[in-house]
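J.: Sharing data_36.pdb (PDB, C-alpha atoms and all ligand atoms) below.
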ATOM      1  CA  MET A1380    -166.917  57.018 -10.059  1.00  0.00           C
ATOM      2  CA  SER A1381    -163.269  57.982 -10.011  1.00  0.00           C
ATOM      3  CA  GLN A1382    -162.202  54.916  -8.016  1.00  0.00           C
ATOM      4  CA  ASP A1383    -163.399  52.596 -10.820  1.00  0.00           C
ATOM      5  CA  ALA A1384    -161.016  54.299 -13.228  1.00  0.00           C
ATOM      6  CA  THR A1385    -157.404  53.150 -13.486  1.00  0.00           C
ATOM      7  CA  ILE A1386    -154.593  55.490 -14.485  1.00  0.00           C
ATOM      8  CA  GLN A1387    -151.951  54.353 -16.998  1.00  0.00           C
ATOM      9  CA  GLN A1388    -149.325  55.881 -19.259  1.00  0.00           C
ATOM     10  CA  GLY A1389    -150.362  55.829 -22.916  1.00  0.00           C
ATOM     11  CA  PHE A1390    -153.061  53.836 -24.697  1.00  0.00           C
ATOM     12  CA  ASP A1391    -153.247  51.428 -27.581  1.00  0.00           C
ATOM     13  CA  ASP A1392    -154.356  52.207 -31.121  1.00  0.00           C
ATOM     14  CA  ALA A1393    -157.852  50.816 -30.507  1.00  0.00           C
ATOM     15  CA  GLN A1394    -158.468  53.811 -28.180  1.00  0.00           C
ATOM     16  CA  ARG A1395    -157.446  56.515 -30.663  1.00  0.00           C
ATOM     17  CA  GLU A1396    -161.008  57.191 -31.761  1.00  0.00           C
ATOM     18  CA  VAL A1397    -162.372  57.453 -28.206  1.00  0.00           C
ATOM     19  CA  ALA A1398    -159.416  59.633 -27.206  1.00  0.00           C
ATOM     20  CA  ALA A1399    -160.008  61.961 -30.182  1.00  0.00           C
ATOM     21  CA  ASP A1400    -163.730  62.286 -29.337  1.00  0.00           C
ATOM     22  CA  LEU A1401    -162.885  63.064 -25.730  1.00  0.00           C
ATOM     23  CA  TYR A1402    -160.200  65.615 -26.595  1.00  0.00           C
ATOM     24  CA  ASP A1403    -162.494  67.252 -29.124  1.00  0.00           C
ATOM     25  CA  ALA A1404    -165.376  67.448 -26.607  1.00  0.00           C
ATOM     26  CA  ALA A1405    -163.024  69.437 -24.371  1.00  0.00           C
ATOM     27  CA  PHE A1406    -161.057  71.518 -26.886  1.00  0.00           C
ATOM     28  CA  GLY A1407    -163.211  71.431 -30.031  1.00  0.00           C
ATOM     29  CA  ALA A1408    -164.326  75.050 -29.697  1.00  0.00           C
ATOM     30  CA  LYS A1409    -160.704  76.201 -29.663  1.00  0.00           C
ATOM     31  CA  LEU A1410    -159.505  73.686 -32.278  1.00  0.00           C
ATOM     32  CA  SER A1411    -162.396  74.509 -34.624  1.00  0.00           C
ATOM     33  CA  ILE A1412    -160.783  77.898 -35.272  1.00  0.00           C
ATOM     34  CA  ALA A1413    -157.939  75.948 -36.869  1.00  0.00           C
ATOM     35  CA  ILE A1414    -160.008  73.083 -38.336  1.00  0.00           C
ATOM     36  CA  PRO A1415    -163.712  73.992 -38.635  1.00  0.00           C
ATOM     37  CA  ASP A1416    -164.886  70.639 -40.011  1.00  0.00           C
ATOM     38  CA  THR A1417    -165.519  68.187 -37.150  1.00  0.00           C
ATOM     39  CA  ARG A1418    -164.784  65.022 -39.147  1.00  0.00           C
ATOM     40  CA  CYS A1419    -161.465  66.420 -40.369  1.00  0.00           C
ATOM     41  CA  ARG A1420    -160.576  67.619 -36.849  1.00  0.00           C
ATOM     42  CA  LEU A1421    -161.256  64.175 -35.397  1.00  0.00           C
ATOM     43  CA  ALA A1422    -159.188  62.533 -38.158  1.00  0.00           C
ATOM     44  CA  VAL A1423    -156.247  64.862 -37.413  1.00  0.00           C
ATOM     45  CA  LEU A1424    -156.469  64.212 -33.671  1.00  0.00           C
ATOM     46  CA  ARG A1425    -156.852  60.438 -34.087  1.00  0.00           C
ATOM     47  CA  GLN A1426    -153.743  60.230 -36.257  1.00  0.00           C
ATOM     48  CA  GLY A1427    -151.771  62.999 -34.552  1.00  0.00           C
ATOM     49  CA  PHE A1428    -151.759  61.759 -30.960  1.00  0.00           C
ATOM     50  CA  GLU A1429    -148.550  60.363 -29.534  1.00  0.00           C
ATOM     51  CA  PRO A1430    -150.029  58.249 -26.711  1.00  0.00           C
ATOM     52  CA  SER A1431    -146.746  57.691 -24.849  1.00  0.00           C
ATOM     53  CA  SER A1432    -146.768  61.414 -23.941  1.00  0.00           C
ATOM     54  CA  SER A1433    -149.961  61.039 -21.932  1.00  0.00           C
ATOM     55  CA  PHE A1434    -151.510  59.566 -18.839  1.00  0.00           C
ATOM     56  CA  VAL A1435    -155.046  58.350 -19.255  1.00  0.00           C
ATOM     57  CA  ALA A1436    -157.885  57.215 -17.022  1.00  0.00           C
ATOM     58  CA  MET A1437    -159.491  53.972 -18.226  1.00  0.00           C
ATOM     59  CA  SER A1438    -162.976  52.870 -17.211  1.00  0.00           C
ATOM     60  CA  GLY A1439    -165.033  50.065 -18.764  1.00  0.00           C
ATOM     61  CA  GLY A1440    -162.223  49.455 -21.265  1.00  0.00           C
ATOM     62  CA  ARG A1441    -162.368  53.019 -22.593  1.00  0.00           C
ATOM     63  CA  VAL A1442    -160.309  56.159 -22.173  1.00  0.00           C
ATOM     64  CA  VAL A1443    -162.352  58.550 -19.977  1.00  0.00           C
ATOM     65  CA  GLY A1444    -159.644  61.080 -19.130  1.00  0.00           C
ATOM     66  CA  ILE A1445    -156.415  62.285 -20.748  1.00  0.00           C
ATOM     67  CA  ALA A1446    -153.524  64.362 -19.445  1.00  0.00           C
ATOM     68  CA  GLY A1447    -151.179  65.046 -22.356  1.00  0.00           C
ATOM     69  CA  PHE A1448    -147.699  66.427 -21.858  1.00  0.00           C
ATOM     70  CA  LYS A1449    -144.804  67.778 -23.859  1.00  0.00           C
ATOM     71  CA  THR A1450    -141.066  67.441 -23.250  1.00  0.00           C
ATOM     72  CA  ALA A1451    -137.978  67.651 -25.431  1.00  0.00           C
ATOM     73  CA  GLN A1452    -138.610  63.940 -26.213  1.00  0.00           C
ATOM     74  CA  GLY A1453    -142.068  64.448 -27.688  1.00  0.00           C
ATOM     75  CA  ALA A1454    -145.553  65.822 -27.239  1.00  0.00           C
ATOM     76  CA  PHE A1455    -149.021  64.307 -26.995  1.00  0.00           C
ATOM     77  CA  THR A1456    -150.163  66.333 -30.009  1.00  0.00           C
ATOM     78  CA  GLY A1457    -146.704  66.198 -31.577  1.00  0.00           C
ATOM     79  CA  GLY A1458    -147.873  64.027 -34.480  1.00  0.00           C
ATOM     80  CA  ILE A1459    -150.013  66.902 -35.802  1.00  0.00           C
ATOM     81  CA  THR A1460    -147.440  67.882 -38.380  1.00  0.00           C
ATOM     82  CA  PHE A1461    -147.905  70.006 -41.479  1.00  0.00           C
ATOM     83  CA  GLY A1462    -147.711  66.768 -43.503  1.00  0.00           C
ATOM     84  CA  LEU A1463    -150.653  65.254 -41.605  1.00  0.00           C
ATOM     85  CA  LEU A1464    -152.668  68.486 -41.892  1.00  0.00           C
ATOM     86  CA  LYS A1465    -152.026  68.586 -45.637  1.00  0.00           C
ATOM     87  CA  ARG A1466    -153.053  64.934 -46.100  1.00  0.00           C
ATOM     88  CA  VAL A1467    -156.356  65.467 -44.265  1.00  0.00           C
ATOM     89  CA  LEU A1468    -157.201  69.086 -45.178  1.00  0.00           C
ATOM     90  CA  GLY A1469    -155.411  69.821 -48.429  1.00  0.00           C
ATOM     91  CA  LEU A1470    -152.898  72.634 -48.828  1.00  0.00           C
ATOM     92  CA  ALA A1471    -155.173  75.638 -48.127  1.00  0.00           C
ATOM     93  CA  GLY A1472    -156.742  74.003 -45.044  1.00  0.00           C
ATOM     94  CA  ALA A1473    -153.328  72.952 -43.777  1.00  0.00           C
ATOM     95  CA  LEU A1474    -151.955  76.480 -44.117  1.00  0.00           C
ATOM     96  CA  ARG A1475    -154.873  77.948 -42.172  1.00  0.00           C
ATOM     97  CA  ALA A1476    -154.665  75.253 -39.474  1.00  0.00           C
ATOM     98  CA  GLY A1477    -150.883  75.556 -39.218  1.00  0.00           C
ATOM     99  CA  VAL A1478    -151.029  79.309 -38.630  1.00  0.00           C
ATOM    100  CA  VAL A1479    -153.787  79.088 -35.986  1.00  0.00           C
ATOM    101  CA  LEU A1480    -152.243  76.110 -34.162  1.00  0.00           C
ATOM    102  CA  SER A1481    -148.906  77.923 -34.015  1.00  0.00           C
ATOM    103  CA  LEU A1482    -150.633  80.626 -31.901  1.00  0.00           C
ATOM    104  CA  PHE A1483    -151.389  77.994 -29.260  1.00  0.00           C
ATOM    105  CA  ASP A1484    -148.006  76.299 -29.449  1.00  0.00           C
ATOM    106  CA  ARG A1485    -145.660  76.592 -26.456  1.00  0.00           C
ATOM    107  CA  ALA A1486    -141.950  75.854 -26.545  1.00  0.00           C
ATOM    108  CA  CYS A1487    -140.328  73.515 -24.028  1.00  0.00           C
ATOM    109  CA  VAL A1488    -137.892  74.947 -21.513  1.00  0.00           C
ATOM    110  CA  ARG A1489    -135.042  72.789 -20.235  1.00  0.00           C
ATOM    111  CA  GLY A1490    -135.968  70.949 -17.016  1.00  0.00           C
ATOM    112  CA  GLN A1491    -139.650  71.697 -17.443  1.00  0.00           C
ATOM    113  CA  LEU A1492    -142.491  69.374 -18.382  1.00  0.00           C
ATOM    114  CA  LEU A1493    -145.249  71.189 -20.249  1.00  0.00           C
ATOM    115  CA  MET A1494    -148.909  70.131 -20.051  1.00  0.00           C
ATOM    116  CA  ASP A1495    -150.407  69.416 -23.496  1.00  0.00           C
ATOM    117  CA  GLY A1496    -154.116  69.326 -22.617  1.00  0.00           C
ATOM    118  CA  ILE A1497    -156.091  67.701 -19.820  1.00  0.00           C
ATOM    119  CA  ALA A1498    -159.624  66.526 -20.503  1.00  0.00           C
ATOM    120  CA  VAL A1499    -162.146  64.302 -18.759  1.00  0.00           C
ATOM    121  CA  SER A1500    -165.203  62.808 -20.413  1.00  0.00           C
ATOM    122  CA  PRO A1501    -168.136  65.214 -19.729  1.00  0.00           C
ATOM    123  CA  SER A1502    -170.213  62.535 -17.974  1.00  0.00           C
ATOM    124  CA  MET A1503    -167.306  61.672 -15.626  1.00  0.00           C
ATOM    125  CA  ARG A1504    -166.295  65.191 -14.564  1.00  0.00           C
ATOM    126  CA  GLY A1505    -166.393  66.211 -10.909  1.00  0.00           C
ATOM    127  CA  SER A1506    -165.503  62.774  -9.547  1.00  0.00           C
ATOM    128  CA  GLY A1507    -161.779  63.262  -9.023  1.00  0.00           C
ATOM    129  CA  ILE A1508    -160.350  61.901 -12.315  1.00  0.00           C
ATOM    130  CA  GLY A1509    -158.719  65.211 -13.291  1.00  0.00           C
ATOM    131  CA  THR A1510    -157.100  65.420  -9.861  1.00  0.00           C
ATOM    132  CA  ARG A1511    -155.785  61.845 -10.089  1.00  0.00           C
ATOM    133  CA  LEU A1512    -154.376  62.438 -13.579  1.00  0.00           C
ATOM    134  CA  LEU A1513    -152.541  65.540 -12.368  1.00  0.00           C
ATOM    135  CA  HIS A1514    -151.119  63.708  -9.344  1.00  0.00           C
ATOM    136  CA  ARG A1515    -149.862  60.900 -11.614  1.00  0.00           C
ATOM    137  CA  LEU A1516    -148.294  63.443 -13.968  1.00  0.00           C
ATOM    138  CA  ILE A1517    -146.569  65.185 -11.055  1.00  0.00           C
ATOM    139  CA  GLU A1518    -145.207  61.833  -9.820  1.00  0.00           C
ATOM    140  CA  HIS A1519    -143.909  61.054 -13.327  1.00  0.00           C
ATOM    141  CA  ALA A1520    -142.263  64.469 -13.723  1.00  0.00           C
ATOM    142  CA  ARG A1521    -140.580  64.082 -10.336  1.00  0.00           C
ATOM    143  CA  GLU A1522    -139.336  60.558 -11.174  1.00  0.00           C
ATOM    144  CA  GLN A1523    -137.935  61.833 -14.470  1.00  0.00           C
ATOM    145  CA  GLY A1524    -136.023  64.605 -12.723  1.00  0.00           C
ATOM    146  CA  TYR A1525    -137.941  67.617 -14.060  1.00  0.00           C
ATOM    147  CA  ARG A1526    -137.706  70.761 -11.940  1.00  0.00           C
ATOM    148  CA  SER A1527    -141.225  71.998 -12.670  1.00  0.00           C
ATOM    149  CA  ILE A1528    -144.436  71.474 -14.603  1.00  0.00           C
ATOM    150  CA  ARG A1529    -145.888  74.353 -16.591  1.00  0.00           C
ATOM    151  CA  LEU A1530    -149.311  74.950 -18.079  1.00  0.00           C
ATOM    152  CA  ASP A1531    -151.474  77.753 -19.438  1.00  0.00           C
ATOM    153  CA  VAL A1532    -155.061  78.302 -18.408  1.00  0.00           C
ATOM    154  CA  ILE A1533    -157.374  80.757 -20.114  1.00  0.00           C
ATOM    155  CA  ASP A1534    -159.495  83.370 -18.339  1.00  0.00           C
ATOM    156  CA  THR A1535    -162.751  81.721 -19.427  1.00  0.00           C
ATOM    157  CA  ASN A1536    -161.956  78.447 -17.628  1.00  0.00           C
ATOM    158  CA  PRO A1537    -162.198  79.075 -13.872  1.00  0.00           C
ATOM    159  CA  ALA A1538    -163.036  75.393 -13.131  1.00  0.00           C
ATOM    160  CA  ALA A1539    -159.698  74.232 -14.550  1.00  0.00           C
ATOM    161  CA  ARG A1540    -157.827  76.992 -12.728  1.00  0.00           C
ATOM    162  CA  ARG A1541    -159.450  75.952  -9.402  1.00  0.00           C
ATOM    163  CA  LEU A1542    -158.311  72.379 -10.015  1.00  0.00           C
ATOM    164  CA  TYR A1543    -154.725  73.437 -10.750  1.00  0.00           C
ATOM    165  CA  GLU A1544    -154.584  75.683  -7.675  1.00  0.00           C
ATOM    166  CA  ARG A1545    -155.994  72.963  -5.438  1.00  0.00           C
ATOM    167  CA  VAL A1546    -153.332  70.525  -6.656  1.00  0.00           C
ATOM    168  CA  GLY A1547    -150.582  73.095  -5.956  1.00  0.00           C
ATOM    169  CA  PHE A1548    -149.904  75.018  -9.181  1.00  0.00           C
ATOM    170  CA  LYS A1549    -149.053  78.704  -8.693  1.00  0.00           C
ATOM    171  CA  ALA A1550    -149.806  81.519 -11.157  1.00  0.00           C
ATOM    172  CA  ILE A1551    -146.589  82.977 -12.614  1.00  0.00           C
ATOM    173  CA  LYS A1552    -147.791  85.534 -15.137  1.00  0.00           C
ATOM    174  CA  THR A1553    -150.799  86.499 -17.222  1.00  0.00           C
ATOM    175  CA  GLU A1554    -150.568  87.399 -20.898  1.00  0.00           C
ATOM    176  CA  ARG A1555    -153.347  89.476 -22.471  1.00  0.00           C
ATOM    177  CA  PHE A1556    -154.425  89.293 -26.108  1.00  0.00           C
ATOM    178  CA  ALA A1557    -157.489  91.568 -26.134  1.00  0.00           C
ATOM    179  CA  GLU A1558    -156.961  92.234 -29.855  1.00  0.00           C
ATOM    180  CA  LEU A1559    -157.234  88.490 -30.621  1.00  0.00           C
ATOM    181  CA  LYS A1560    -160.384  87.814 -28.575  1.00  0.00           C
ATOM    182  CA  TRP A1561    -162.538  87.822 -31.728  1.00  0.00           C
ATOM    183  CA  LEU A1562    -160.414  84.940 -33.047  1.00  0.00           C
ATOM    184  CA  LEU A1563    -159.455  82.990 -29.919  1.00  0.00           C
ATOM    185  CA  GLY A1564    -162.573  83.456 -27.777  1.00  0.00           C
ATOM    186  CA  PHE A1565    -160.519  84.475 -24.728  1.00  0.00           C
ATOM    187  CA  GLU A1566    -158.408  87.495 -23.916  1.00  0.00           C
ATOM    188  CA  ALA A1567    -155.976  86.338 -21.273  1.00  0.00           C
ATOM    189  CA  ALA A1568    -154.001  83.220 -20.412  1.00  0.00           C
ATOM    190  CA  THR A1569    -152.264  82.613 -17.114  1.00  0.00           C
ATOM    191  CA  GLN A1570    -149.082  80.611 -16.973  1.00  0.00           C
ATOM    192  CA  MET A1571    -148.969  78.354 -13.902  1.00  0.00           C
ATOM    193  CA  GLU A1572    -146.137  76.279 -12.489  1.00  0.00           C
ATOM    194  CA  TYR A1573    -145.788  73.363 -10.115  1.00  0.00           C
ATOM    195  CA  PRO A1574    -142.274  73.330  -8.609  1.00  0.00           C
ATOM    196  CA  LEU A1575    -140.705  69.904  -8.018  1.00  0.00           C
ATOM    197  CA  GLN A1576    -138.017  68.739  -5.680  1.00  0.00           C
ATOM    198  CA  PRO A1577    -136.099  65.819  -7.224  1.00  0.00           C
ATOM    199  CA  LYS A1578    -136.454  62.528  -5.300  1.00  0.00           C
ATOM    200  CA  ALA A1579    -133.651  62.079  -2.744  1.00  0.00           C
TER
HETATM  201  C1  LIG A1601    -160.808  70.597 -16.115  1.00  0.00           C
HETATM  202  C2  LIG A1601    -161.169  69.108 -16.069  1.00  0.00           C
HETATM  203  C3  LIG A1601    -160.058  68.300 -16.737  1.00  0.00           C
HETATM  204  C4  LIG A1601    -161.322  68.670 -14.598  1.00  0.00           C
HETATM  205  O1  LIG A1601    -161.515  67.262 -14.548  1.00  0.00           O
HETATM  206  P1  LIG A1601    -162.415  66.599 -13.397  1.00  0.00           P
HETATM  207  O2  LIG A1601    -162.256  65.125 -13.479  1.00  0.00           O
HETATM  208  O3  LIG A1601    -163.803  67.129 -13.481  1.00  0.00           O
HETATM  209  O4  LIG A1601    -161.677  67.168 -12.102  1.00  0.00           O
HETATM  210  P2  LIG A1601    -161.951  66.733 -10.579  1.00  0.00           P
HETATM  211  O5  LIG A1601    -163.191  65.898 -10.517  1.00  0.00           O
HETATM  212  O6  LIG A1601    -160.715  66.155 -10.036  1.00  0.00           O
HETATM  213  O7  LIG A1601    -162.203  68.131  -9.897  1.00  0.00           O
HETATM  214  C5  LIG A1601    -163.276  68.967 -10.360  1.00  0.00           C
HETATM  215  C6  LIG A1601    -164.266  69.271  -9.256  1.00  0.00           C
HETATM  216  O8  LIG A1601    -164.865  68.079  -8.741  1.00  0.00           O
HETATM  217  C7  LIG A1601    -164.709  68.050  -7.322  1.00  0.00           C
HETATM  218  N1  LIG A1601    -164.448  66.663  -6.931  1.00  0.00           N
HETATM  219  C8  LIG A1601    -163.272  66.018  -7.019  1.00  0.00           C
HETATM  220  N2  LIG A1601    -163.403  64.773  -6.542  1.00  0.00           N
HETATM  221  C9  LIG A1601    -164.698  64.620  -6.190  1.00  0.00           C
HETATM  222  C10 LIG A1601    -165.456  63.552  -5.667  1.00  0.00           C
HETATM  223  N3  LIG A1601    -164.900  62.361  -5.395  1.00  0.00           N
HETATM  224  N4  LIG A1601    -166.778  63.745  -5.479  1.00  0.00           N
HETATM  225  C11 LIG A1601    -167.360  64.941  -5.757  1.00  0.00           C
HETATM  226  N5  LIG A1601    -166.672  65.998  -6.250  1.00  0.00           N
HETATM  227  C12 LIG A1601    -165.374  65.837  -6.453  1.00  0.00           C
HETATM  228  C13 LIG A1601    -163.528  68.894  -7.039  1.00  0.00           C
HETATM  229  O9  LIG A1601    -163.579  69.424  -5.727  1.00  0.00           O
HETATM  230  C14 LIG A1601    -163.663  69.957  -8.087  1.00  0.00           C
HETATM  231  O10 LIG A1601    -164.560  70.947  -7.629  1.00  0.00           O
HETATM  232  P3  LIG A1601    -164.415  72.475  -8.061  1.00  0.00           P
HETATM  233  O11 LIG A1601    -165.006  72.575  -9.439  1.00  0.00           O
HETATM  234  O12 LIG A1601    -165.200  73.223  -7.060  1.00  0.00           O
HETATM  235  O13 LIG A1601    -162.954  72.837  -8.065  1.00  0.00           O
HETATM  236  C15 LIG A1601    -162.544  68.837 -16.781  1.00  0.00           C
HETATM  237  O14 LIG A1601    -163.508  69.715 -16.253  1.00  0.00           O
HETATM  238  C16 LIG A1601    -162.494  69.024 -18.289  1.00  0.00           C
HETATM  239  O15 LIG A1601    -162.229  68.074 -19.032  1.00  0.00           O
HETATM  240  N6  LIG A1601    -162.760  70.236 -18.763  1.00  0.00           N
HETATM  241  C17 LIG A1601    -162.718  70.524 -20.190  1.00  0.00           C
HETATM  242  C18 LIG A1601    -161.280  70.627 -20.682  1.00  0.00           C
HETATM  243  C19 LIG A1601    -160.499  71.699 -19.966  1.00  0.00           C
HETATM  244  O16 LIG A1601    -161.010  72.758 -19.681  1.00  0.00           O
HETATM  245  N7  LIG A1601    -159.208  71.374 -19.686  1.00  0.00           N
HETATM  246  C20 LIG A1601    -158.311  72.303 -19.033  1.00  0.00           C
HETATM  247  C21 LIG A1601    -157.674  73.233 -20.007  1.00  0.00           C
HETATM  248  S1  LIG A1601    -156.505  74.312 -19.218  1.00  0.00           S
END
Take the structure in this file and express it as structure tokens.
Ligand SMILES: CC(C)(COP(=O)(O)OP(=O)(O)OC[C@H]1O[C@@H](n2cnc3c(N)ncnc32)[C@H](O)[C@@H]1OP(=O)(O)O)[C@@H](O)C(=O)NCCC(=O)NCCS
T.:
Amino acid sequence: MSQDATIQQGFDDAQREVAADLYDAAFGAKLSIAIPDTRCRLAVLRQGFEPSSSFVAMSGGRVVGIAGFKTAQGAFTGGITFGLLKRVLGLAGALRAGVVLSLFDRACVRGQLLMDGIAVSPSMRGSGIGTRLLHRLIEHAREQGYRSIRLDVIDTNPAARRLYERVGFKAIKTERFAELKWLLGFEAATQMEYPLQPKA
């Protein structure tokens, strides 16, 4: 149940493996285009997370939900550098992964906090954890003086879009990449924003 879970910023190194499994359960299909081998993908995620750029839900001593974010100060997946990719995958694998991951990369805009992946453990979905993580992220962004939060949601993920709309995100624009559907598995992504009023 959601109420048993506590929300905190960041997690310690002992949780890296659980966090990587959870992130991969949510985004593995997309990430496997960049890094097809599951063991290598998990190794990259485990080592590439920057936990301070995340809020997590903890239950039973384990991470059961993650909301990563990106700002000018850092990004949850910001440790996935070319150097890390090369160490884990070798040069050819790193080149392939680097090119594909760059297609998903989004640049920060001044005054805006960017979401860097939200995922809840499959067995815990539908109990309010995603909603609580988003509310905590919104509170954090407001406290830090950001003017808005931005995210992208793909056309094949209506459940996530419903969640964002319910929390108060508004669609800004939709980009279409029909010619890349064979590679990405989706053909449109909608940019959504949550406007923030700074605390008085
Ligand atoms: C998207 C995701 C993070 C949502 O997390 P979640 O914890 O399931 O979200 P919530 O439980 O807060 O809300 C989901 C649904 O549960 C319902 N719900 C929320 N609290 C509830 C409760 N206490 N009891 C029963 N249902 C509840 C919500 O109404 C919502 O219903 P909907 O699907 O009709 O909109 C999760 O599905 C996930 O990890 N998906 C895979 C990764 C992904 O797609 N990430 C987004 C990329 S843009």
J.: Taking all atoms listed in the file into account, list the residues no farther than 6 Å from ligand LIG 1601 (chain A), as a PyMOL selection string.
T.: chain A and resi 1405+1496-1499+1504-1510+1532+1538-1539+1541-1542
J.: May I have the selected residues written with C-alpha atoms, as an mmCIF file, in the frame of the given file?
T.:
data_model
loop_
_atom_site.group_PDB
_atom_site.id
_atom_site.type_symbol
_atom_site.label_atom_id
_atom_site.label_comp_id
_atom_site.auth_asym_id
_atom_site.auth_seq_id
_atom_site.Cartn_x
_atom_site.Cartn_y
_atom_site.Cartn_z
ATOM 1 C CA ALA A 1405 -163.024 69.437 -24.371
ATOM 2 C CA GLY A 1496 -154.116 69.326 -22.617
ATOM 3 C CA ILE A 1497 -156.091 67.701 -19.820
ATOM 4 C CA ALA A 1498 -159.624 66.526 -20.503
ATOM 5 C CA VAL A 1499 -162.146 64.302 -18.759
ATOM 6 C CA ARG A 1504 -166.295 65.191 -14.564
ATOM 7 C CA GLY A 1505 -166.393 66.211 -10.909
ATOM 8 C CA SER A 1506 -165.503 62.774 -9.547
ATOM 9 C CA GLY A 1507 -161.779 63.262 -9.023
ATOM 10 C CA ILE A 1508 -160.350 61.901 -12.315
ATOM 11 C CA GLY A 1509 -158.719 65.211 -13.291
ATOM 12 C CA THR A 1510 -157.100 65.420 -9.861
ATOM 13 C CA VAL A 1532 -155.061 78.302 -18.408
ATOM 14 C CA ALA A 1538 -163.036 75.393 -13.131
ATOM 15 C CA ALA A 1539 -159.698 74.232 -14.550
ATOM 16 C CA ARG A 1541 -159.450 75.952 -9.402
ATOM 17 C CA LEU A 1542 -158.311 72.379 -10.015
#
J.: When the PyMOL selection byres (((chain A and resi 1458) around 7) and not hetatm) is applied to the structure above, which residues does it catch, written out as a list in words?
T.: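 The output of the PyMOL selection byres (((chain A and resi 1458) around 7) and not hetatm) on this file is Gly1427, Phe1428, Glu1429, Thr1456, Gly1457, Ile1459 and Thr1460 of chain A.
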J.: Can you measure atom CA of Asp1531 of chain A to atom CA of Met1571 of chain A for me? One decimal in Å is fine.
T.: 6.1 Å
J.: Return the single residue from A:Tyr1573, A:Phe1448, A:Phe1565, A:Phe1455 that is closest to Leu1424 of chain A, with distances computed using all atoms listed in the file.
T.: A:Phe1455
J.: One number please: atom CA of Ala1471 of chain A to atom CA of Gly1564 of chain A, in Å, one decimal.
T.: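 If I compute the distance from atom CA of Ala1471 of chain A to atom CA of Gly1564 of chain A, I get 23.0 Å.
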J.: Using all atoms listed in the file, which of A:Ser1411, A:Gln1523, A:Gln1394, A:Gln1576 sits nearest Gly1440 of chain A?
T.: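 Answer, going by the shortest atom-to-atom distance: A:Gln1394.
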J.: In Å, rounded to a single decimal, give me how far atom CA of Asp1400 of chain A is from atom CA of Arg1511 of chain A.
T.: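 Computed distance, atom CA of Arg1511 of chain A to atom CA of Asp1400 of chain A, equals 20.8 Å.
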J.: Residues around (-150.6, 66.8, -13.1), cut-off 12 Å, counting all atoms listed in the file - what are they as an MDAnalysis selection string?
T.: chainID A and resid 1433:1435 1445:1448 1492:1498 1508:1521 1527:1530 1539 1542:1548 1571:1575
J.: Box for segment 1518-1531 of chain A - axis-aligned, 5 Å on each of the six sides, all listed atoms - centre and size in Å to one decimal, as AutoDock Vina command-line options.
T.:
--center_x -143.7 --center_y 69.2 --center_z -14.6 --size_x 25.5 --size_y 27.2 --size_z 19.6
